[in-house]
file target06.tsv (TSV, C-alpha atoms)
chain	number	residue	atom	x	y	z
A	213	MET	CA	0.00	0.00	0.00
A	214	GLY	CA	1.06	3.59	-0.57
A	215	LYS	CA	2.27	5.83	2.18
A	216	HIS	CA	-0.25	8.15	3.77
A	217	LYS	CA	0.98	11.53	4.88
A	218	ALA	CA	-0.41	13.12	7.98
A	219	TYR	CA	-1.06	16.80	7.41
A	220	GLN	CA	-1.20	19.26	10.22
A	221	THR	CA	-4.05	21.75	10.11
A	222	ILE	CA	-3.64	25.42	10.84
A	223	ASN	CA	-6.03	27.25	13.07
A	224	PRO	CA	-7.99	29.64	10.79
A	225	VAL	CA	-7.77	32.39	13.41
A	226	ASP	CA	-3.96	32.13	13.44
A	227	LEU	CA	-3.88	32.11	9.65
A	228	ALA	CA	-6.02	35.25	9.49
A	229	ARG	CA	-3.85	36.99	12.11
A	230	ILE	CA	-0.64	36.17	10.23
A	231	SER	CA	-2.21	37.28	6.96
A	232	GLN	CA	-3.26	40.61	8.49
A	233	GLU	CA	0.25	41.17	9.88
A	234	LEU	CA	1.78	40.60	6.45
A	235	ILE	CA	-0.76	42.90	4.80
A	236	ALA	CA	0.04	45.64	7.34
A	237	LYS	CA	3.80	45.27	6.75
A	238	ASN	CA	3.35	45.36	2.98
A	239	LYS	CA	1.07	48.42	3.19
A	240	THR	CA	3.80	50.22	5.14
A	241	ALA	CA	6.40	49.27	2.55
A	242	TYR	CA	4.18	50.33	-0.35
A	243	LYS	CA	3.33	53.65	1.34
A	244	HIS	CA	7.05	54.38	1.62
A	245	LEU	CA	7.62	53.41	-2.00
A	246	ALA	CA	4.68	55.48	-3.21
A	247	ALA	CA	5.89	58.43	-1.15
A	248	GLY	CA	9.26	58.12	-2.82
A	249	ILE	CA	11.77	56.81	-0.35
A	250	PRO	CA	14.67	59.24	-0.39
A	251	ILE	CA	17.28	56.81	-1.72
A	252	GLN	CA	20.16	59.26	-1.56
A	253	GLN	CA	19.22	60.23	1.99
A	254	ILE	CA	19.26	56.57	3.03
A	255	LEU	CA	22.59	55.98	1.28
A	256	ASP	CA	24.04	59.09	2.93
A	257	GLU	CA	22.87	57.66	6.25
A	258	ILE	CA	24.05	54.06	5.84
A	259	ILE	CA	27.39	54.41	4.04
A	260	PRO	CA	29.17	56.19	6.92
A	261	GLN	CA	27.68	53.65	9.35
A	262	LEU	CA	28.97	50.73	7.25
A	263	LEU	CA	32.40	52.31	6.94
A	264	ARG	CA	32.57	52.74	10.73
A	265	LEU	CA	31.44	49.14	11.32
A	266	TYR	CA	33.96	47.62	8.91
A	267	LYS	CA	36.66	50.15	9.85
A	268	GLY	CA	39.34	50.29	7.11
A	269	HIS	CA	38.42	46.99	5.45
A	270	VAL	CA	35.88	48.27	2.89
A	271	VAL	CA	37.22	48.44	-0.68
A	272	GLU	CA	33.92	49.22	-2.45
A	273	ILE	CA	30.22	49.50	-1.80
A	274	VAL	CA	28.10	48.41	-4.75
A	275	GLN	CA	24.40	49.02	-5.30
A	276	PHE	CA	22.65	46.27	-7.27
A	277	GLU	CA	19.18	45.38	-8.52
A	278	SER	CA	17.32	42.61	-6.73
A	279	ASP	CA	13.93	41.61	-5.40
A	280	LEU	CA	15.45	41.37	-1.92
A	281	SER	CA	14.55	44.96	-1.07
A	282	TYR	CA	14.22	48.46	-2.46
A	283	ILE	CA	17.91	49.31	-1.92
A	284	ASN	CA	20.45	46.48	-2.20
A	285	LEU	CA	24.08	46.98	-1.28
A	286	ALA	CA	27.14	44.75	-1.43
A	287	VAL	CA	30.00	45.66	0.88
A	288	LEU	CA	33.23	44.42	-0.68
A	289	PHE	CA	35.98	44.02	1.89
A	290	ASP	CA	39.70	43.39	1.62
A	291	ASP	CA	41.62	40.18	2.33
A	292	SER	CA	42.52	41.26	5.86
A	293	TYR	CA	38.87	41.13	6.94
A	294	THR	CA	38.42	37.72	8.57
A	295	LYS	CA	35.42	35.52	9.26
A	296	GLU	CA	36.00	36.01	12.99
A	297	MET	CA	35.93	39.79	12.56
A	298	HIS	CA	32.69	39.52	10.65
A	299	GLN	CA	31.07	37.25	13.23
A	300	ALA	CA	31.99	39.72	15.96
A	301	LYS	CA	30.23	42.52	14.04
A	302	MET	CA	27.09	40.64	12.96
A	303	GLY	CA	24.90	42.03	15.74
A	304	LYS	CA	25.89	45.63	14.99
A	305	ILE	CA	25.43	45.09	11.24
A	306	TYR	CA	21.91	43.67	11.71
A	307	LYS	CA	21.05	46.44	14.15
A	308	THR	CA	22.10	49.08	11.61
A	309	ILE	CA	20.09	47.50	8.79
A	310	ASN	CA	17.05	46.87	10.99
A	311	SER	CA	17.03	50.44	12.27
A	312	LEU	CA	16.77	51.74	8.69
A	313	ASN	CA	14.10	49.17	7.81
A	314	ASP	CA	12.16	50.19	10.92
A	315	LYS	CA	12.53	53.87	10.03
A	316	TYR	CA	11.61	53.66	6.33
A	317	GLY	CA	9.56	50.45	6.18
A	318	PRO	CA	10.18	46.71	5.78
A	319	ALA	CA	12.42	45.61	2.94
A	320	THR	CA	13.88	49.08	2.45
A	321	ILE	CA	17.51	47.96	2.50
A	322	THR	CA	19.54	44.77	2.28
A	323	VAL	CA	23.30	44.53	2.71
A	324	ILE	CA	25.39	41.56	1.61
A	325	ASN	CA	29.11	41.08	2.21
A	326	CYS	CA	31.67	39.79	-0.27
A	327	CYS	CA	35.41	39.61	-0.52
A	328	TYR	CA	36.60	42.11	-3.15
A	329	ARG	CA	39.06	39.56	-4.55
A	330	ASP	CA	36.28	36.98	-5.03
A	331	VAL	CA	34.07	39.47	-6.87
A	332	LYS	CA	36.88	40.36	-9.27
A	333	ASP	CA	37.86	36.71	-9.87
A	334	PRO	CA	36.09	35.34	-13.00
A	335	GLN	CA	36.55	31.77	-11.68
A	336	LYS	CA	34.35	32.45	-8.63
A	337	ASN	CA	30.65	31.87	-9.08
A	338	SER	CA	27.73	32.63	-6.78
A	339	SER	CA	24.55	34.66	-6.95
A	340	TYR	CA	25.99	37.22	-4.52
A	341	ILE	CA	29.14	37.65	-6.56
A	342	TYR	CA	27.08	37.98	-9.74
A	343	LYS	CA	24.95	40.71	-8.15
A	344	ALA	CA	28.01	42.58	-6.87
A	345	CYS	CA	29.75	42.33	-10.28
A	346	ASN	CA	26.75	43.73	-12.10
A	347	GLY	CA	25.99	46.55	-9.71
A	348	THR	CA	27.05	50.18	-9.63
A	349	VAL	CA	29.95	51.23	-7.42
A	350	ILE	CA	28.61	53.98	-5.15
A	351	TRP	CA	31.60	54.23	-2.80
A	352	GLU	CA	35.22	53.33	-3.46
A	353	LYS	CA	38.34	53.44	-1.31
A	354	GLU	CA	40.82	55.88	-2.71
A	355	LYS	CA	43.33	54.26	-5.09
A	356	GLU	CA	46.37	54.77	-2.87
A	357	GLU	CA	44.53	53.13	0.02
A	358	LYS	CA	43.67	49.88	-1.87
call {"tool": "encode", "arguments": {"input": "target06.tsv", "output": "structure tokens"}}
result
Amino acid sequence: MGKHKAYQTINPVDLARISQELIAKNKTAYKHLAAGIPIQQILDEIIPQLLRLYKGHVVEIVQFESDLSYINLAVLFDDSYTKEMHQAKMGKIYKTINSLNDKYGPATITVINCCYRDVKDPQKNSSYIYKACNGTVIWEKEKEEK
């Protein structure tokens, strides 16, 4: 005989509550989009914060197109930036991003992190690297600093 799967039912009241929460979040996001989120204002706010968080390790910040959020950034860091350093900063990074999303609406900004060397290496392949390669550089470390 074939296998029978046991399906768990969802309480309709819980489903309605969750649905209403998502609708409210999306309405907030769409209101911000319709009002014209001040992209440059947000970039002017976040770029200095990211540079402070990553200290001198940022080589470039790239803006790219994606369905992740309204503003998508890739922070490209140098080889001296280690996994341990990044793990130590994760809480502050999330706090920074969440504060802007709370201020301007859900899904306003997303930040990904990539090693600059990996992005420039044609042998490397990932969706993040592809996005960073095809984006627009909006901040760049001065040439003598690289």
call {"tool": "atom_distance", "arguments": {"input": "target06.tsv", "atom1": "CA of Ile273 (chain A)", "atom2": "CA of Ile350 (chain A)"}}
result
5.8 Å
call {"tool": "closest_residue", "arguments": {"input": "target06.tsv", "among": "A:Ile222, A:Ile230, A:Ala344, A:Met297", "to": "Glu277 (chain A)", "atoms": "all atoms listed in the file"}}
result
A:Ala344
call {"tool": "residues_near_point", "arguments": {"input": "target06.tsv", "point": "(18.2, 48.8, 7.8)", "cutoff": "12 Å", "atoms": "only C-alpha atoms", "output": "short mmCIF file (atom, residue, chain, number, x, y, z; two decimals) with C-alpha atoms, in the frame of the given file"}}
result
data_model
loop_
_atom_site.label_atom_id
_atom_site.label_comp_id
_atom_site.auth_asym_id
_atom_site.auth_seq_id
_atom_site.Cartn_x
_atom_site.Cartn_y
_atom_site.Cartn_z
CA ILE A 254 19.26 56.57 3.03
CA LEU A 255 22.59 55.98 1.28
CA GLU A 257 22.87 57.66 6.25
CA ILE A 258 24.05 54.06 5.84
CA ILE A 259 27.39 54.41 4.04
CA GLN A 261 27.68 53.65 9.35
CA LEU A 262 28.97 50.73 7.25
CA SER A 281 14.55 44.96 -1.07
CA TYR A 282 14.22 48.46 -2.46
CA ILE A 283 17.91 49.31 -1.92
CA ASN A 284 20.45 46.48 -2.20
CA LEU A 285 24.08 46.98 -1.28
CA LYS A 304 25.89 45.63 14.99
CA ILE A 305 25.43 45.09 11.24
CA TYR A 306 21.91 43.67 11.71
CA LYS A 307 21.05 46.44 14.15
CA THR A 308 22.10 49.08 11.61
CA ILE A 309 20.09 47.50 8.79
CA ASN A 310 17.05 46.87 10.99
CA SER A 311 17.03 50.44 12.27
CA LEU A 312 16.77 51.74 8.69
CA ASN A 313 14.10 49.17 7.81
CA ASP A 314 12.16 50.19 10.92
CA LYS A 315 12.53 53.87 10.03
CA TYR A 316 11.61 53.66 6.33
CA GLY A 317 9.56 50.45 6.18
CA PRO A 318 10.18 46.71 5.78
CA ALA A 319 12.42 45.61 2.94
CA THR A 320 13.88 49.08 2.45
CA ILE A 321 17.51 47.96 2.50
CA THR A 322 19.54 44.77 2.28
CA VAL A 323 23.30 44.53 2.71
CA ILE A 324 25.39 41.56 1.61
#
call {"tool": "atom_distance", "arguments": {"input": "target06.tsv", "atom1": "CA of Phe276 (chain A)", "atom2": "CA of Lys343 (chain A)"}}
result
6.1 Å
call {"tool": "atom_distance", "arguments": {"input": "target06.tsv", "atom1": "CA of Asp256 (chain A)", "atom2": "CA of Ala286 (chain A)"}}
result
15.3 Å
call {"tool": "residues_around", "arguments": {"input": "target06.tsv", "residues": "Trp351 (chain A)", "least_positions_apart": "6", "cutoff": "10 Å", "atoms": "all atoms listed in the file", "output": "VMD selection string"}}
result
chain A and resid 259 263 270 to 275 287
call {"tool": "closest_residue", "arguments": {"input": "target06.tsv", "among": "A:Leu265, A:Cys327, A:Leu280, A:Pro334", "to": "Met302 (chain A)", "atoms": "only C-alpha atoms"}}
result
A:Leu265
call {"tool": "closest_residue", "arguments": {"input": "target06.tsv", "among": "A:Gln252, A:Ser278, A:Asn223, A:Thr294", "to": "Ser339 (chain A)", "atoms": "all atoms listed in the file"}}
result
A:Ser278
call {"tool": "closest_residue", "arguments": {"input": "target06.tsv", "among": "A:Lys301, A:Val331, A:Tyr342, A:Arg229", "to": "Arg264 (chain A)", "atoms": "only C-alpha atoms"}}
result
A:Lys301
call {"tool": "closest_residue", "arguments": {"input": "target06.tsv", "among": "A:Ile251, A:Cys345, A:Cys326, A:Val225", "to": "His269 (chain A)", "atoms": "all atoms listed in the file"}}
result
A:Cys326
call {"tool": "closest_residue", "arguments": {"input": "target06.tsv", "among": "A:Thr221, A:Lys295, A:Leu288, A:Pro250", "to": "Lys332 (chain A)", "atoms": "only C-alpha atoms"}}
result
A:Leu288
